[in-house]
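Below you'll find the structure, written out as structure tokens, and then a few comments.
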Amino acid sequence: MSLIDSVSLPRSFRLPRVDGLIQWIVPLAIIAIWQVASVTGFVPTRVLPAPSDVLLAGWKLLLSGELVRNIWVSFWRASIGFLIGGSIGFAFGLANGLSQLSAKLTDTTLQMVRNVPHLALIPLVILWFGIDESAKLFLVALGVFFPIYLNTLHGIRTVDPQLIEMGRIYGMTDGELFRRVIFPGALPSIFVGIRFALGIMWLTLIVAETIAASSGLGYMAMQAREFMLIDVVVLSILIYALLGKLADSASRVLERATLSWHPAFQKR
Amino acid sequence: MQTALRTSLSETELASRASFAPHARIVREERPQQAIGLPLSIRGLRKSFGSNEVLRGIDLHIPAGQFVAIVGKSGCGKSTLLRLIAGLEKANAGSISFGQDVQAEDIRVMFQEPRLLPWARVLANVEVGLGRDRASADAHARAERALTEVGLADKRDQWPSVLSGGQKQRVALGRALVSRPRVLAFDEPLGALDALTRISMQRLLERVWRDQGFTAILVTHDVAEAVALADRVLVIEEGRIAHDVVVNAGRPRERGSAELASLEASILSHLLSAEDRT
Ligand SMILES: Nc1ncnc2c1ncn2[C@@H]1O[C@H](COP(=O)(O)OP(=O)(O)O)[C@@H](O)[C@H]1O
Ligand SMILES: [Mg+2]
């Protein structure tokens, strides 16, 4: 069905269950083709193990408890790093969006630091923290900081000045003005920052765990590589993809719930 | 001039107001009738932006409850005058007085853009207009009453984005009215609306003004609108009030009557001759 069709069809004529399932057709087909290609030997299992083998490897690791432990460690690092970097970025975004003085004081410095790719700091971070937890948290927090900072700042700066004037005319205090006008106005942009940050969060963690860690999904993948366990390597990659998708979906749900006023999120 | 004006008001205006509309009484209960409209006196008002001298000495008296329209070519300082009256700009010289101490809630402005909060439902947007009374127990009831007055009671739980341009402007009017203002300033509030919606909005403006008796100051670029609504039309030229025209037609006014048409033509000729001189 083309885009035009789906847009012009009235809601009542669409089958909602088909709508939900349709997105899974392509991934399922790919897995099916992959399975057939492996079983028939078209793709050698040294290059790419069959999906069934990956599933089996996952099952074994699940039984040994290793899988859950590594996922948990990675999930924990991602969340804590995100919370730390996100809150600092949000705080700077607020401060610099609301106060000229604060912006003059810190914005230029932050924009300069932004131009350093944070993954380039890995050698330095290892020297500072070793392969300790704090190294991973630091890198994730640093990676997450900028998209949240920049989008919070942008969101606040682009709030309609006419609305702010309206709020003042109607006697809103500074606190009310922030709560009722500025923050809701900046929220769509803040969500853009969160979605960017979630992507960077996983990327940073994969790299950091692959290079310097003794636990976590990235570490699990590197260990498996040393023992030539290609099914576990593929499994780790797929789990990363799944976690990334989950984080994105969670942020979408949150976005839909808080931005229900936005025309883009209204049910027609 | 001033006395002529006042008699024209007291004879035609007060008589027609007293006999008007049933819901007028409900509205007046909140404030004693004599306390509604405020008179406005402006003396020697000047305003410049940098070297651009926009207002060069405005002298003006508006009696309580009068409906005044301000016209003039684009950029002549109509909005600036209105913003000064509403306290949104500071004058370089001169004074504006309302004859007594006023509170923020007494003076309201409505702009060409509705300026509704997109993330607040219609009712909550109207409640914004209560100013410091927002948190009071009867805030909901008062906002609902204001919504009813502008004919949108059934939209109270909608998001602004689903309303039409005219409906948004009516919500903005409800928000301006909810605090029972004593002076209401309009800056081309109907400028962005289509012809039919404009006419129904003009009727609504006239009706709420007659119901509530606030002093109305309407900036418009539409001379027909000015003569249809106002008791008095001011023409601004070169930073001063160049013409002060009394509209004596009775209310409710008959649109397109010969009387209004000839007034409109004479005001337009003032404006056009000013255009020719520059
Ligand atoms: N905030 C401002 N800063 C600088 N110039 C302004 C400002 N507001 C208005 N002006 C200037 O003042 C003049 C009158 O503007 P305005 O009152 O908006 O005119 P009108 O509403 O009659 O079209 C214009 O030349 C405009 O450029
Ligand atoms: Mg203007």
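Chain labels A, B, ... are given in the sequence in which chains occur in the structure tokens; within each chain residues are numbered consecutively from 1, and ligands are likewise numbered from 1 in the order shown.
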12 Å contact set for A:Leu61, only C-alpha atoms, chain neighbours under 4 positions out, as a list in words: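 The residues satisfying every condition are Val54, Leu55, Leu56, Ala57, Gly65, Glu66, Leu67, Val68, Arg69, Asn70, Ile71, Leu217, Met220, Ala224, Asp231, Val232, Leu235 and Ser236 of chain A.
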Once you count only C-alpha atoms, which residues of chain A turn out to be within 12 Å of chain B? Could you give them as an MDAnalysis selection string? chainID A and resid 159:173 176:177 179:188 258:268
Check which residues fall inside 6 Å of ligand 1 when counting only C-alpha atoms and all ligand atoms, and print them as an NGL selection string. :B and (49 or 54 or 74-80)
Write out, as a short mmCIF file (atom, residue, chain, number, x, y, z; two decimals), in the first residue's frame, the residues just selected, with N, CA, C and O atoms.
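Heads up, here's the output in selection_20.cif:
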```
data_model
loop_
_atom_site.label_atom_id
_atom_site.label_comp_id
_atom_site.auth_asym_id
_atom_site.auth_seq_id
_atom_site.Cartn_x
_atom_site.Cartn_y
_atom_site.Cartn_z
N PHE B 49 11.43 55.08 18.72
CA PHE B 49 12.31 53.91 18.72
C PHE B 49 13.61 54.37 18.08
O PHE B 49 13.66 54.57 16.87
N VAL B 54 7.81 57.90 16.53
CA VAL B 54 6.57 57.28 16.07
C VAL B 54 5.36 58.09 16.52
O VAL B 54 4.51 58.44 15.71
N SER B 74 -0.46 51.84 7.53
CA SER B 74 0.43 50.87 8.16
C SER B 74 1.71 51.54 8.64
O SER B 74 2.31 52.33 7.90
N GLY B 75 2.09 51.26 9.87
CA GLY B 75 3.33 51.83 10.40
C GLY B 75 3.18 53.21 11.00
O GLY B 75 4.18 53.83 11.37
N CYS B 76 1.95 53.70 11.14
CA CYS B 76 1.77 55.07 11.65
C CYS B 76 1.82 55.10 13.18
O CYS B 76 1.80 56.16 13.77
N GLY B 77 1.86 53.96 13.83
CA GLY B 77 2.00 53.95 15.28
C GLY B 77 0.76 53.52 16.04
O GLY B 77 0.66 53.71 17.25
N LYS B 78 -0.21 52.90 15.35
CA LYS B 78 -1.43 52.46 16.02
C LYS B 78 -1.13 51.42 17.10
O LYS B 78 -1.57 51.54 18.25
N SER B 79 -0.36 50.40 16.72
CA SER B 79 -0.03 49.35 17.69
C SER B 79 0.77 49.92 18.85
O SER B 79 0.59 49.55 20.00
N THR B 80 1.68 50.83 18.52
CA THR B 80 2.50 51.44 19.56
C THR B 80 1.63 52.17 20.58
O THR B 80 1.82 52.02 21.79
#
```
Write out as JSON, numbers by chain which residues come within 12 Å of B:Arg253 when counting only C-alpha atoms, dropping same-chain ones fewer than 6 positions away. {"B": [13, 16, 202, 203, 206, 207, 224, 225, 226, 227, 228, 229, 230, 231, 247, 259, 260, 261]}
Output of the above residues as a short mmCIF file (atom, residue, chain, number, x, y, z; two decimals), in the first residue's frame, restricted to all heavy atoms:
```cif
data_model
loop_
_atom_site.label_atom_id
_atom_site.label_comp_id
_atom_site.auth_asym_id
_atom_site.auth_seq_id
_atom_site.Cartn_x
_atom_site.Cartn_y
_atom_site.Cartn_z
N GLU B 13 -26.59 56.11 23.43
CA GLU B 13 -25.90 54.93 23.90
C GLU B 13 -26.50 54.33 25.17
O GLU B 13 -26.87 53.17 25.21
CB GLU B 13 -24.42 55.27 24.13
CG GLU B 13 -23.53 54.08 24.06
CD GLU B 13 -23.97 53.09 23.00
OE1 GLU B 13 -24.26 53.47 21.84
OE2 GLU B 13 -24.07 51.93 23.36
N SER B 16 -29.88 52.81 24.62
CA SER B 16 -29.92 51.51 23.95
C SER B 16 -29.32 50.42 24.84
O SER B 16 -29.77 49.29 24.84
CB SER B 16 -29.19 51.57 22.61
OG SER B 16 -27.81 51.71 22.85
N GLN B 202 -17.38 40.63 14.58
CA GLN B 202 -17.71 42.04 14.87
C GLN B 202 -18.99 42.12 15.69
O GLN B 202 -19.08 42.88 16.65
CB GLN B 202 -17.87 42.82 13.56
CG GLN B 202 -16.55 43.10 12.87
CD GLN B 202 -16.74 43.64 11.46
OE1 GLN B 202 -17.86 43.88 11.02
NE2 GLN B 202 -15.65 43.81 10.74
N ARG B 203 -19.97 41.29 15.31
CA ARG B 203 -21.23 41.30 16.06
C ARG B 203 -20.98 40.87 17.50
O ARG B 203 -21.54 41.44 18.44
CB ARG B 203 -22.22 40.32 15.42
CG ARG B 203 -22.57 40.73 14.01
CD ARG B 203 -24.03 40.39 13.71
NE ARG B 203 -24.43 41.10 12.50
CZ ARG B 203 -24.73 40.48 11.35
NH1 ARG B 203 -24.73 39.16 11.29
NH2 ARG B 203 -25.06 41.19 10.31
N GLU B 206 -19.33 43.65 19.47
CA GLU B 206 -20.31 44.69 19.81
C GLU B 206 -21.21 44.21 20.95
O GLU B 206 -21.49 44.95 21.89
CB GLU B 206 -21.13 45.05 18.57
CG GLU B 206 -22.05 46.24 18.82
CD GLU B 206 -22.86 46.64 17.59
OE1 GLU B 206 -23.16 45.75 16.76
OE2 GLU B 206 -23.18 47.82 17.46
N ARG B 207 -21.61 42.94 20.87
CA ARG B 207 -22.52 42.42 21.88
C ARG B 207 -21.86 42.39 23.27
O ARG B 207 -22.44 42.87 24.25
CB ARG B 207 -23.00 41.02 21.49
CG ARG B 207 -24.32 40.65 22.14
CD ARG B 207 -24.57 39.15 22.08
NE ARG B 207 -23.71 38.45 23.02
CZ ARG B 207 -23.19 37.25 22.80
NH1 ARG B 207 -23.40 36.62 21.66
NH2 ARG B 207 -22.44 36.68 23.72
N ALA B 224 -14.45 50.26 7.27
CA ALA B 224 -15.85 49.82 7.38
C ALA B 224 -16.10 49.20 8.76
O ALA B 224 -17.13 49.44 9.40
CB ALA B 224 -16.16 48.81 6.29
N GLU B 225 -15.12 48.44 9.23
CA GLU B 225 -15.24 47.84 10.56
C GLU B 225 -15.26 48.92 11.64
O GLU B 225 -16.05 48.86 12.59
CB GLU B 225 -14.05 46.90 10.78
CG GLU B 225 -14.00 46.21 12.13
CD GLU B 225 -12.89 45.16 12.14
OE1 GLU B 225 -13.03 44.16 11.40
OE2 GLU B 225 -11.90 45.35 12.86
N ALA B 226 -14.40 49.92 11.46
CA ALA B 226 -14.34 51.01 12.44
C ALA B 226 -15.68 51.72 12.56
O ALA B 226 -16.20 51.91 13.67
CB ALA B 226 -13.24 52.00 12.05
N VAL B 227 -16.29 52.09 11.44
CA VAL B 227 -17.55 52.83 11.53
C VAL B 227 -18.70 51.91 11.95
O VAL B 227 -19.68 52.38 12.53
CB VAL B 227 -17.92 53.58 10.22
CG1 VAL B 227 -16.89 54.64 9.92
CG2 VAL B 227 -18.08 52.62 9.06
N ALA B 228 -18.58 50.61 11.68
CA ALA B 228 -19.66 49.69 12.08
C ALA B 228 -19.67 49.49 13.59
O ALA B 228 -20.72 49.24 14.18
CB ALA B 228 -19.50 48.35 11.36
N LEU B 229 -18.51 49.59 14.23
CA LEU B 229 -18.44 49.24 15.65
C LEU B 229 -18.31 50.44 16.59
O LEU B 229 -18.84 50.42 17.69
CB LEU B 229 -17.24 48.31 15.89
CG LEU B 229 -17.36 46.88 15.36
CD1 LEU B 229 -16.06 46.12 15.58
CD2 LEU B 229 -18.51 46.15 16.05
N ALA B 230 -17.62 51.46 16.14
CA ALA B 230 -17.17 52.48 17.11
C ALA B 230 -18.14 53.65 17.27
O ALA B 230 -18.92 53.96 16.39
CB ALA B 230 -15.79 53.00 16.70
N ASP B 231 -18.05 54.28 18.44
CA ASP B 231 -18.75 55.54 18.67
C ASP B 231 -17.97 56.70 18.05
O ASP B 231 -18.49 57.78 17.85
CB ASP B 231 -18.81 55.84 20.19
CG ASP B 231 -19.60 54.79 20.92
OD1 ASP B 231 -20.63 54.36 20.40
OD2 ASP B 231 -19.15 54.37 22.02
N VAL B 247 -19.30 58.89 15.35
CA VAL B 247 -20.25 58.06 14.60
C VAL B 247 -21.54 58.05 15.41
O VAL B 247 -21.59 57.44 16.48
CB VAL B 247 -19.73 56.62 14.42
CG1 VAL B 247 -20.68 55.82 13.53
CG2 VAL B 247 -18.33 56.62 13.84
N GLU B 259 -25.77 56.08 5.80
CA GLU B 259 -25.12 56.91 6.81
C GLU B 259 -23.69 56.42 7.06
O GLU B 259 -22.72 57.18 7.02
CB GLU B 259 -25.96 56.83 8.08
CG GLU B 259 -25.60 57.84 9.14
CD GLU B 259 -26.39 57.59 10.41
OE1 GLU B 259 -27.18 56.62 10.44
OE2 GLU B 259 -26.20 58.36 11.37
N LEU B 260 -23.56 55.11 7.33
CA LEU B 260 -22.24 54.54 7.61
C LEU B 260 -21.35 54.61 6.37
O LEU B 260 -20.16 54.89 6.46
CB LEU B 260 -22.36 53.10 8.08
CG LEU B 260 -23.03 52.88 9.44
CD1 LEU B 260 -22.93 51.41 9.84
CD2 LEU B 260 -22.38 53.75 10.51
N ALA B 261 -21.96 54.36 5.21
CA ALA B 261 -21.17 54.36 3.98
C ALA B 261 -20.57 55.74 3.71
O ALA B 261 -19.40 55.85 3.31
CB ALA B 261 -22.03 53.93 2.79
#
```
Hey, which of A:Leu124, A:Thr152, A:Ile211, A:Leu137 ends up closest to A:Phe75? Count only C-alpha atoms.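 Checking each of A:Leu124, A:Thr152, A:Ile211, A:Leu137 against A:Phe75, counting only C-alpha atoms, the winner is A:Leu137.
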DSSP strand (DSSP E) selection over stretch 19-241 of chain B, as a ChimeraX atom specification: /B:40-49,52-62,67-71,93-97,107-110,183-187,215-219,232-237,240-241
Which polymer residues have any atom within 9 Å of an atom of A:Leu83, counting only C-alpha atoms, with same-chain residues fewer than 5 positions away left out, as a PyMOL selection string? chain A and resi 78+88+141+144
Can you list every residue in stretch 22-220 of chain A that DSSP puts in helix (DSSP H, G or I), as a ChimeraX atom specification? /A:22,25-39,51-64,66-98,100-114,118-129,133-157,161-169,174-211,217-220
Return the single residue from B:Ala64, B:Val219, B:Leu193, B:Val150 that is closest to ligand 2, with distances computed using only C-alpha atoms and all ligand atoms. B:Val219
Polymer residues at most 12 Å from A:Ile80, only C-alpha atoms, same-chain spacing of 6 or more positions, as JSON, numbers by chain: {"A": [73, 74, 86, 87, 133, 134, 136, 137, 138, 139, 140, 141, 142, 144, 201, 205]}
So that I can see what lies close to B:Leu190, please list as JSON, numbers by chain the residues with an atom at most 8 Å from it, counting only C-alpha atoms and leaving out residues fewer than 4 positions away in the same chain. {"B": [112, 169, 198, 201]}
Atoms kept (C-alpha atoms) for selection, written as a PDB file, in the first residue's frame:
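So out_28.pdb came out as:
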```
ATOM      1  CA  GLN B 112      -4.234  39.655  15.802  1.00  0.00           C
ATOM      2  CA  GLN B 169      -9.918  34.265  18.395  1.00  0.00           C
ATOM      3  CA  ARG B 198     -15.070  38.756  10.547  1.00  0.00           C
ATOM      4  CA  MET B 201     -16.866  38.342  15.234  1.00  0.00           C
TER       5      MET B 201
END
```
If I take atom CA of B:Phe186 and atom CA of A:Ile156, how far is one from the other in Å, to one decimal? 28.6 Å
Please list as a ChimeraX atom specification every residue within 9 Å of A:Phe92, counting only C-alpha atoms and excluding residues in the same chain fewer than 4 positions away. /A:87-88,96-97,102-103,106-107,149,152-153
Across B:Val102, B:Leu218, B:Val171, B:Leu196, the smallest distance to ligand 2, with only C-alpha atoms and all ligand atoms counted, is shown by B:Leu218
Interatomic distance, atom CA of B:Asp106 to atom CA of B:Ala185 (Å, one decimal):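 We find that atom CA of B:Asp106 and atom CA of B:Ala185 lie 11.0 Å from each other.
Reported to one decimal place, the separation of atom CA of B:Arg46 from atom CA of B:Ser269 is 26.5 Å.
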